[in-house]
Amino acid sequence: MYDPLIAEKISPFQGYPKSYWEATTSERIQFPPIQNNEQTPVVIIGGGFTGLSAALTLLAHDQPFILLEANEIGWGCSGRNAGFLLPGSGRLDYSGLAASYGNAVAEAVTNEYYQSLQTVDDLLSKLNIDVEMTNGGYLKIAHNAKFAKKMQDAWQALPQQWKEQYQWLDAKEIASNYVPEYASFGGLFRQQGAGINPLKLAIAMANKLKQELCQVYCNSPVDAWSREGNTHVLNVGNHQIRTDSVILCSNAYTPHKLNDLSKKQFPVLSSVLVTEPLPQDIADGWRSGLMAMDTRSLKYYYRLLPDNRILFGGRGAVTGKSANSSKSQVQLKQAFNHYFPNLAHIKSAYFWSGWVSVSADDIPHVGIYPDSHNVLYATGYCGSGLAFSSHAGKRLAERYLGIRSAKETEVIYHKPIPAFPFSKFRRIGLRGYYAWYRAMDSLGI
Ligand SMILES: Cc1cc2nc3c(=O)[nH]c(=O)nc-3n(C[C@H](O)[C@H](O)[C@H](O)COP(=O)(O)OP(=O)(O)OC[C@H]3O[C@@H](n4cnc5c(N)ncnc54)[C@H](O)[C@@H]3O)c2cc1C
C-alpha cells in the first residue's frame, strides 16, 4: 500500500480500496485527469472532506479554483473511515485542552468541534442525500476502574451544555442492553452519536462541484511544487499549474517529498475489518446502530452496521508495505476475537487500512503554513476527522477569503504546527510505543 513516508510521489489510478463502503456504494463520480497547463488564483490539493468542503465554500462565494486529487474522490481517509460522526478532533478532550490551554480555549475549541456536526448537517440537507445514517449513540467504555473514575471526573468537568448530553452506564447495563456479555467498568453514553457511510458523503459533495462545472481533476497528483516569486508552480505529470495560493488538504497522504508537512504530522495506519452479518438473534442483543470505543491506550472501535455486520477497527501496521498483509489481517481478527470471544466464529469479510495524521501536540492544525506565501493547510486530526474535516475545509476557505476565526480558537487556527522531534525516528518510536502499550493493555493497566 502507498506509504507517504517512503514513496517519493503518490501514484494515480490506484482505485478505491476493497472496503465495505466500496462494495456497498453504487454511486460513483468521475472527473478527468488534468490535460492542460493552467493558471488560477487558488489550487486545492486533495479530494477528501477537507478539500471538498473548502471547494464548496469557495463555490458558495463565487471564487474560482482548481481542485486536484491524486486518485478518486474520497480515496484517502475520507472514503475509507469507520463513519463515526462525533464532536471532536485531535487527542485532547475538554479536560486535556483545559489543562494545556485554559478553560476559555477548551470551551471555544470544543464549541468548534460541536459546530462541525452542524456543518455536516447543513451539508446533508443542502445536498439532500441519504448517507445511511444510524442513530444508535456513542459509548465510551472504561476498561478498568482507574479509567472509569478518570472518565467520570472529565465528564463532571464539562460545561453544562455538553455534560447533559451524556449519561453514565454501569457495567451491567452495558452488558445487558448495549454490547452483549461485554466485561467493562461502565461507560459514558451520548445518545446523539451517529454513524454514516462516508464514501457516499464524499461522492455527494463532489457531485455538487460537478453540477456547478467546477474545475476538479482526479488521478492528477501534484508531483513537484516550486515557487517563482509569489507564484506557486505545481507540476502534475507533464502539466504545470500556476497559482497565487495553495490550500493543502492532502493531510496524512501528503508524499514526504512534496513539502515538509510530513515532518510536522505523523501518518499512522488505522485498519478496519467488517464481519459477515451476525445471526439475527445475536444482533438483537446489541443496541441497534451502536458505536463504541474503549479507554485502552491502543484503542479499538466498533459499530453495528445496518445489515448486522460489525465494523471493528484499530491500530494498523507500522509501514505501508505491511498494511494489508495477512499478518495484519490476522492480528486485527485476533483482537476482535479477544474483545468478543462469543463472536470469534464470525468470519471477517472485508479488511482495509488508511493513514491518519497525528500531530506532535495532539491537536488539529488548520491555518496558514508557517513561512509560506499563501499556503493554507489542515492536518493532525489524529483519527477523529470525519465531522471536523468538513468544518476545517470551510474554515480554510474562509481564511483564504480573509475571514478570521474567534481569538479563543487560535490554538487550532493560528498556532504554528510544531515539528516532530527526531522525525526520522518516529517509526522506531511507534514500534516501541505499540509494544509497551500492548503489554500494559494485556495487563489491564
Ligand atoms: C481506517 C480509518 C478509520 C477512521 N474512522 C474515523 C471515524 O470513524 N470517525 C472520524 O471522525 N474519523 C475517522 N477517521 C479519520 C478521518 O477519516 C480523517 O480524519 C478525514 O477523513 C481526513 O480527511 P481529509 O480530507 O483531511 O484527508 P483525506 O481524506 O485523507 O484526503 C487527502 C487526499 O489528498 C490526496 N493527495 C495526497 N497527496 C496528493 C497530491 N500530491 N496531489 C493531489 N492529491 C493528493 C489523497 O489522494 C487523498 O485523497 C478514520 C481514518 C481511517 C484511516
# chains A, B, ... in the order shown; residues from 1 in each chain; ligands from 1
>>> residues_near_ligand(ligand="ligand 1", cutoff="7 Å", atoms="only C-alpha atoms and all ligand atoms", output="PyMOL selection string")
chain A and resi 9-10+45-51+68-86+220-223+249-255+258+269-272+313+353-356+378-379+381-389
>>> write_last_selection(atoms="C-alpha atoms", output="PDB file, in the first residue's frame")
ATOM      1  CA  LYS A   9       5.239  10.513  -5.227  1.00  0.00           C
ATOM      2  CA  ILE A  10       1.681   9.356  -4.939  1.00  0.00           C
ATOM      3  CA  ILE A  45      -4.714  19.763  -3.232  1.00  0.00           C
ATOM      4  CA  GLY A  46      -6.699  16.718  -2.058  1.00  0.00           C
ATOM      5  CA  GLY A  47     -10.219  15.491  -2.706  1.00  0.00           C
ATOM      6  CA  GLY A  48     -11.165  14.304   0.777  1.00  0.00           C
ATOM      7  CA  PHE A  49     -13.661  16.047   3.070  1.00  0.00           C
ATOM      8  CA  THR A  50     -11.252  18.913   3.862  1.00  0.00           C
ATOM      9  CA  GLY A  51     -10.580  19.708   0.204  1.00  0.00           C
ATOM     10  CA  LEU A  68      -6.504  18.277  -7.751  1.00  0.00           C
ATOM     11  CA  GLU A  69      -6.937  14.776  -6.364  1.00  0.00           C
ATOM     12  CA  ALA A  70      -4.199  12.165  -6.804  1.00  0.00           C
ATOM     13  CA  ASN A  71      -6.713   9.315  -7.194  1.00  0.00           C
ATOM     14  CA  GLU A  72     -10.500   9.244  -6.828  1.00  0.00           C
ATOM     15  CA  ILE A  73     -12.768  11.474  -4.743  1.00  0.00           C
ATOM     16  CA  GLY A  74     -12.578  10.258  -1.132  1.00  0.00           C
ATOM     17  CA  TRP A  75      -9.756   7.842  -1.975  1.00  0.00           C
ATOM     18  CA  GLY A  76      -7.778   8.815   1.175  1.00  0.00           C
ATOM     19  CA  CYS A  77      -9.152   8.606   4.708  1.00  0.00           C
ATOM     20  CA  SER A  78     -12.452  10.219   3.789  1.00  0.00           C
ATOM     21  CA  GLY A  79     -13.856   7.309   1.810  1.00  0.00           C
ATOM     22  CA  ARG A  80     -12.414   4.558   3.988  1.00  0.00           C
ATOM     23  CA  ASN A  81     -13.047   5.583   7.600  1.00  0.00           C
ATOM     24  CA  ALA A  82     -15.339   3.940  10.130  1.00  0.00           C
ATOM     25  CA  GLY A  83     -18.120   6.508   9.752  1.00  0.00           C
ATOM     26  CA  PHE A  84     -18.280   7.680  13.404  1.00  0.00           C
ATOM     27  CA  LEU A  85     -19.725  11.187  13.232  1.00  0.00           C
ATOM     28  CA  LEU A  86     -18.598  12.696  16.536  1.00  0.00           C
ATOM     29  CA  SER A 220      -3.899  14.200 -11.026  1.00  0.00           C
ATOM     30  CA  PRO A 221      -1.247  14.079  -8.289  1.00  0.00           C
ATOM     31  CA  VAL A 222       0.937  17.099  -7.674  1.00  0.00           C
ATOM     32  CA  ASP A 223       4.418  15.609  -8.150  1.00  0.00           C
ATOM     33  CA  CYS A 249      -5.695  19.255   2.039  1.00  0.00           C
ATOM     34  CA  SER A 250      -3.632  16.134   1.347  1.00  0.00           C
ATOM     35  CA  ASN A 251      -3.284  15.564   5.102  1.00  0.00           C
ATOM     36  CA  ALA A 252      -1.703  12.204   6.102  1.00  0.00           C
ATOM     37  CA  TYR A 253      -1.448  11.175   2.430  1.00  0.00           C
ATOM     38  CA  THR A 254       0.980  14.030   1.567  1.00  0.00           C
ATOM     39  CA  PRO A 255       4.076  12.442  -0.053  1.00  0.00           C
ATOM     40  CA  LEU A 258       6.154  17.393  -1.705  1.00  0.00           C
ATOM     41  CA  LEU A 269      -2.099   3.392   9.963  1.00  0.00           C
ATOM     42  CA  SER A 270      -5.554   2.513  11.154  1.00  0.00           C
ATOM     43  CA  SER A 271      -7.080  -0.763   9.936  1.00  0.00           C
ATOM     44  CA  VAL A 272     -10.653  -1.942   9.804  1.00  0.00           C
ATOM     45  CA  GLY A 313     -11.012  -1.099  13.747  1.00  0.00           C
ATOM     46  CA  SER A 353      -6.282   0.292   6.046  1.00  0.00           C
ATOM     47  CA  GLY A 354      -5.739   4.035   5.851  1.00  0.00           C
ATOM     48  CA  TRP A 355      -3.321   6.734   7.049  1.00  0.00           C
ATOM     49  CA  VAL A 356      -4.446   9.049   9.820  1.00  0.00           C
ATOM     50  CA  ALA A 378      -5.150  21.391   7.614  1.00  0.00           C
ATOM     51  CA  THR A 379      -3.781  18.325   9.333  1.00  0.00           C
ATOM     52  CA  TYR A 381      -6.930  15.293  13.246  1.00  0.00           C
ATOM     53  CA  CYS A 382      -5.414  12.213  14.977  1.00  0.00           C
ATOM     54  CA  GLY A 383      -8.005   9.797  13.583  1.00  0.00           C
ATOM     55  CA  SER A 384     -11.032  11.931  14.517  1.00  0.00           C
ATOM     56  CA  GLY A 385     -11.776  13.916  11.422  1.00  0.00           C
ATOM     57  CA  LEU A 386     -14.959  12.742   9.780  1.00  0.00           C
ATOM     58  CA  ALA A 387     -17.026  15.656  11.069  1.00  0.00           C
ATOM     59  CA  PHE A 388     -14.165  18.041  11.767  1.00  0.00           C
ATOM     60  CA  SER A 389     -12.564  17.802   8.291  1.00  0.00           C
TER      61      SER A 389
END
>>> residues_around(residues="Gly136 of chain A", least_positions_apart="6", cutoff="7 Å", atoms="only C-alpha atoms", output="list in words")
Gln191, Gly193, Ala194, Arg287, Ser288, Gly289, Leu290 and Met291 of chain A
>>> write_last_selection(atoms="N, CA and C atoms", output="mmCIF file, in the first residue's frame")
data_model
loop_
_atom_site.group_PDB
_atom_site.id
_atom_site.type_symbol
_atom_site.label_atom_id
_atom_site.label_comp_id
_atom_site.auth_asym_id
_atom_site.auth_seq_id
_atom_site.Cartn_x
_atom_site.Cartn_y
_atom_site.Cartn_z
ATOM 1 N N GLN A 191 -26.332 9.875 23.398
ATOM 2 C CA GLN A 191 -27.426 9.411 22.533
ATOM 3 C C GLN A 191 -27.292 9.932 21.091
ATOM 4 N N GLY A 193 -24.851 10.304 19.078
ATOM 5 C CA GLY A 193 -23.790 9.812 18.191
ATOM 6 C C GLY A 193 -24.365 9.131 16.951
ATOM 7 N N ALA A 194 -23.888 9.555 15.779
ATOM 8 C CA ALA A 194 -24.429 8.987 14.539
ATOM 9 C C ALA A 194 -23.327 8.340 13.715
ATOM 10 N N ARG A 287 -27.340 -2.969 20.965
ATOM 11 C CA ARG A 287 -28.142 -1.779 20.739
ATOM 12 C C ARG A 287 -28.010 -1.424 19.261
ATOM 13 N N SER A 288 -29.130 -1.266 18.605
ATOM 14 C CA SER A 288 -29.115 -1.043 17.161
ATOM 15 C C SER A 288 -28.300 0.211 16.802
ATOM 16 N N GLY A 289 -27.374 0.063 15.871
ATOM 17 C CA GLY A 289 -26.588 1.208 15.385
ATOM 18 C C GLY A 289 -25.539 1.715 16.361
ATOM 19 N N LEU A 290 -25.278 0.968 17.445
ATOM 20 C CA LEU A 290 -24.328 1.457 18.463
ATOM 21 C C LEU A 290 -22.921 1.648 17.884
ATOM 22 N N MET A 291 -22.262 2.709 18.332
ATOM 23 C CA MET A 291 -20.840 2.913 18.038
ATOM 24 C C MET A 291 -20.113 2.960 19.378
#
>>> residues_around(residues="Ile282 of chain A", least_positions_apart="2", cutoff="12 Å", atoms="only C-alpha atoms", output="list in words")
Tyr178, Val179, Pro180, Glu181, Pro277, Leu278, Pro279, Gln280, Asp284, Gly285, Trp286, Arg287, Ser288, Leu304, Asn308, Arg309, Ile310, Phe340, Asn342, Leu343 and Ile346 of chain A
>>> write_last_selection(atoms="N, CA and C atoms", output="PDB file, in the first residue's frame")
ATOM      1  N   TYR A 178     -26.390  -3.047  25.637  1.00  0.00           N
ATOM      2  CA  TYR A 178     -25.597  -2.325  24.625  1.00  0.00           C
ATOM      3  C   TYR A 178     -24.681  -3.270  23.850  1.00  0.00           C
ATOM      4  N   VAL A 179     -23.733  -3.898  24.562  1.00  0.00           N
ATOM      5  CA  VAL A 179     -22.813  -4.844  23.924  1.00  0.00           C
ATOM      6  C   VAL A 179     -22.911  -6.147  24.727  1.00  0.00           C
ATOM      7  N   PRO A 180     -23.578  -7.172  24.182  1.00  0.00           N
ATOM      8  CA  PRO A 180     -23.878  -8.349  24.982  1.00  0.00           C
ATOM      9  C   PRO A 180     -22.648  -8.978  25.622  1.00  0.00           C
ATOM     10  N   GLU A 181     -22.775  -9.304  26.881  1.00  0.00           N
ATOM     11  CA  GLU A 181     -21.761 -10.039  27.655  1.00  0.00           C
ATOM     12  C   GLU A 181     -20.407  -9.351  27.686  1.00  0.00           C
ATOM     13  N   PRO A 277     -22.510 -10.827   8.277  1.00  0.00           N
ATOM     14  CA  PRO A 277     -23.633 -10.407   9.139  1.00  0.00           C
ATOM     15  C   PRO A 277     -23.796 -11.350  10.346  1.00  0.00           C
ATOM     16  N   LEU A 278     -24.084 -10.768  11.506  1.00  0.00           N
ATOM     17  CA  LEU A 278     -24.356 -11.587  12.692  1.00  0.00           C
ATOM     18  C   LEU A 278     -25.709 -12.251  12.520  1.00  0.00           C
ATOM     19  N   PRO A 279     -25.876 -13.472  13.014  1.00  0.00           N
ATOM     20  CA  PRO A 279     -27.216 -14.045  13.025  1.00  0.00           C
ATOM     21  C   PRO A 279     -28.165 -13.109  13.780  1.00  0.00           C
ATOM     22  N   GLN A 280     -29.421 -13.042  13.328  1.00  0.00           N
ATOM     23  CA  GLN A 280     -30.366 -12.052  13.872  1.00  0.00           C
ATOM     24  C   GLN A 280     -30.478 -12.130  15.401  1.00  0.00           C
ATOM     25  N   ASP A 284     -29.690  -8.985  17.788  1.00  0.00           N
ATOM     26  CA  ASP A 284     -30.756  -8.425  18.623  1.00  0.00           C
ATOM     27  C   ASP A 284     -30.266  -8.057  20.022  1.00  0.00           C
ATOM     28  N   GLY A 285     -29.170  -8.699  20.477  1.00  0.00           N
ATOM     29  CA  GLY A 285     -28.627  -8.393  21.805  1.00  0.00           C
ATOM     30  C   GLY A 285     -27.897  -7.063  21.834  1.00  0.00           C
ATOM     31  N   TRP A 286     -27.508  -6.548  20.661  1.00  0.00           N
ATOM     32  CA  TRP A 286     -26.787  -5.277  20.568  1.00  0.00           C
ATOM     33  C   TRP A 286     -27.775  -4.124  20.519  1.00  0.00           C
ATOM     34  N   ARG A 287     -27.340  -2.969  20.965  1.00  0.00           N
ATOM     35  CA  ARG A 287     -28.142  -1.779  20.739  1.00  0.00           C
ATOM     36  C   ARG A 287     -28.010  -1.424  19.261  1.00  0.00           C
ATOM     37  N   SER A 288     -29.130  -1.266  18.605  1.00  0.00           N
ATOM     38  CA  SER A 288     -29.115  -1.043  17.161  1.00  0.00           C
ATOM     39  C   SER A 288     -28.300   0.211  16.802  1.00  0.00           C
ATOM     40  N   LEU A 304     -22.173  -1.429  15.093  1.00  0.00           N
ATOM     41  CA  LEU A 304     -23.064  -2.398  14.450  1.00  0.00           C
ATOM     42  C   LEU A 304     -23.636  -1.708  13.213  1.00  0.00           C
ATOM     43  N   ASN A 308     -26.341  -5.650  10.122  1.00  0.00           N
ATOM     44  CA  ASN A 308     -25.954  -6.552  11.222  1.00  0.00           C
ATOM     45  C   ASN A 308     -24.512  -7.055  11.169  1.00  0.00           C
ATOM     46  N   ARG A 309     -23.678  -6.404  10.414  1.00  0.00           N
ATOM     47  CA  ARG A 309     -22.249  -6.730  10.464  1.00  0.00           C
ATOM     48  C   ARG A 309     -21.614  -5.867  11.550  1.00  0.00           C
ATOM     49  N   ILE A 310     -20.460  -6.318  12.043  1.00  0.00           N
ATOM     50  CA  ILE A 310     -19.711  -5.452  12.962  1.00  0.00           C
ATOM     51  C   ILE A 310     -18.498  -4.900  12.240  1.00  0.00           C
ATOM     52  N   PHE A 340     -14.507  -9.980  21.661  1.00  0.00           N
ATOM     53  CA  PHE A 340     -15.815 -10.641  21.564  1.00  0.00           C
ATOM     54  C   PHE A 340     -15.633 -12.150  21.445  1.00  0.00           C
ATOM     55  N   ASN A 342     -17.386 -14.532  22.249  1.00  0.00           N
ATOM     56  CA  ASN A 342     -18.594 -15.247  21.802  1.00  0.00           C
ATOM     57  C   ASN A 342     -18.868 -15.043  20.311  1.00  0.00           C
ATOM     58  N   LEU A 343     -18.101 -14.144  19.656  1.00  0.00           N
ATOM     59  CA  LEU A 343     -18.288 -13.909  18.210  1.00  0.00           C
ATOM     60  C   LEU A 343     -17.072 -14.368  17.399  1.00  0.00           C
ATOM     61  N   ILE A 346     -17.448 -15.782  13.962  1.00  0.00           N
ATOM     62  CA  ILE A 346     -17.968 -14.965  12.847  1.00  0.00           C
ATOM     63  C   ILE A 346     -16.782 -14.530  11.979  1.00  0.00           C
TER      64      ILE A 346
END
>>> atom_distance(atom1="atom CA of Val43 of chain A", atom2="atom CA of Val246 of chain A")
4.9 Å
>>> residues_around(residues="Leu430 of chain A", least_positions_apart="4", cutoff="8 Å", atoms="only C-alpha atoms", output="PyMOL selection string")
chain A and resi 318+426+434
>>> residues_around(residues="Glu276 of chain A", least_positions_apart="5", cutoff="6 Å", atoms="only C-alpha atoms", output="compact mmCIF listing (two decimals) with C-alpha atoms, in the first residue's frame")
# COMPACT_ATOMS: atom_id res chain seq x y z
CA ARG A 309 -22.25 -6.73 10.46
CA LYS A 347 -15.75 -14.52 9.82
CA SER A 348 -14.21 -11.30 8.61
CA ALA A 349 -15.49 -10.32 5.14
>>> residues_around(residues="Ile66 of chain A", least_positions_apart="3", cutoff="7 Å", atoms="only C-alpha atoms", output="count of residues only")
6
>>> select_by_dssp(residues="segment 37-197 of chain A", states="helix (DSSP H, G or I)", output="ChimeraX atom specification")
/A:49-60,77-79,94-101,103-127,145-157,160-163,171-178
>>> residues_around(residues="segment 138-154 of chain A", least_positions_apart="2", cutoff="6 Å", atoms="only C-alpha atoms", output="VMD selection string")
chain A and resid 95 156 to 157 184 to 190 193 291 to 295
>>> write_last_selection(atoms="C-alpha atoms", output="tab-separated table (two decimals), in the first residue's frame")
chain	number	residue	atom	x	y	z
A	95	SER	CA	-10.14	18.35	30.19
A	156	GLN	CA	-18.18	16.30	35.57
A	157	ALA	CA	-15.73	19.00	34.43
A	184	SER	CA	-16.33	-3.39	31.40
A	185	PHE	CA	-16.16	-0.89	34.25
A	186	GLY	CA	-19.03	1.21	32.96
A	187	GLY	CA	-19.04	3.90	30.32
A	188	LEU	CA	-20.31	7.24	29.11
A	189	PHE	CA	-23.11	7.20	26.57
A	190	ARG	CA	-24.09	10.01	24.21
A	193	GLY	CA	-23.79	9.81	18.19
A	291	MET	CA	-20.84	2.91	18.04
A	292	ALA	CA	-18.29	2.22	20.74
A	293	MET	CA	-14.68	2.68	21.77
A	294	ASP	CA	-12.79	1.88	24.93
A	295	THR	CA	-10.19	3.65	27.06
>>> closest_residue(among="A:Ala183, A:Tyr300, A:Pro12, A:Val109", to="Ala171 of chain A", atoms="only C-alpha atoms")
A:Ala183
>>> atom_distance(atom1="atom CA of Lys263 of chain A", atom2="atom CA of Val236 of chain A")
22.7 Å
>>> select_by_dssp(residues="segment 353-439 of chain A", states="strand (DSSP E)", output="JSON, numbers by chain")
{"A": [353, 354, 355, 356, 357, 358, 359, 365, 366, 367, 368, 375, 376, 377, 378, 379]}
>>> write_last_selection(atoms="C-alpha atoms", output="PDB file, in the first residue's frame")
ATOM      1  CA  SER A 353      -6.282   0.292   6.046  1.00  0.00           C
ATOM      2  CA  GLY A 354      -5.739   4.035   5.851  1.00  0.00           C
ATOM      3  CA  TRP A 355      -3.321   6.734   7.049  1.00  0.00           C
ATOM      4  CA  VAL A 356      -4.446   9.049   9.820  1.00  0.00           C
ATOM      5  CA  SER A 357      -2.483  12.167  10.639  1.00  0.00           C
ATOM      6  CA  VAL A 358      -1.149  12.607  14.180  1.00  0.00           C
ATOM      7  CA  SER A 359       0.253  15.943  15.360  1.00  0.00           C
ATOM      8  CA  HIS A 365      -3.882  22.480  12.945  1.00  0.00           C
ATOM      9  CA  VAL A 366      -5.840  24.439  10.371  1.00  0.00           C
ATOM     10  CA  GLY A 367      -4.407  27.675   9.030  1.00  0.00           C
ATOM     11  CA  ILE A 368      -1.601  29.368   7.168  1.00  0.00           C
ATOM     12  CA  VAL A 375      -0.237  28.301   1.629  1.00  0.00           C
ATOM     13  CA  LEU A 376      -3.113  27.167   3.812  1.00  0.00           C
ATOM     14  CA  TYR A 377      -3.274  23.678   5.244  1.00  0.00           C
ATOM     15  CA  ALA A 378      -5.150  21.391   7.614  1.00  0.00           C
ATOM     16  CA  THR A 379      -3.781  18.325   9.333  1.00  0.00           C
TER      17      THR A 379
END
>>> closest_residue(among="A:Leu97, A:Ala55, A:Leu273, A:Leu124", to="Glu212 of chain A", atoms="only C-alpha atoms")
A:Ala55
>>> atom_distance(atom1="atom CA of Trp162 of chain A", atom2="atom CA of Asn103 of chain A")
14.0 Å
>>> closest_residue(among="A:Asn128, A:Gln63, A:Gln334, A:Asn135", to="Pro306 of chain A", atoms="only C-alpha atoms")
A:Asn135
>>> closest_residue(among="A:Ser89, A:Asn324, A:Gln240, A:Ser442", to="Tyr2 of chain A", atoms="only C-alpha atoms")
A:Asn324
>>> closest_residue(among="A:Ala360, A:Leu396, A:Leu117, A:Val105", to="Leu56 of chain A", atoms="only C-alpha atoms")
A:Leu396
>>> closest_residue(among="A:Asp281, A:Asp307, A:Ala54, A:Lys321", to="Asp3 of chain A", atoms="only C-alpha atoms")
A:Lys321
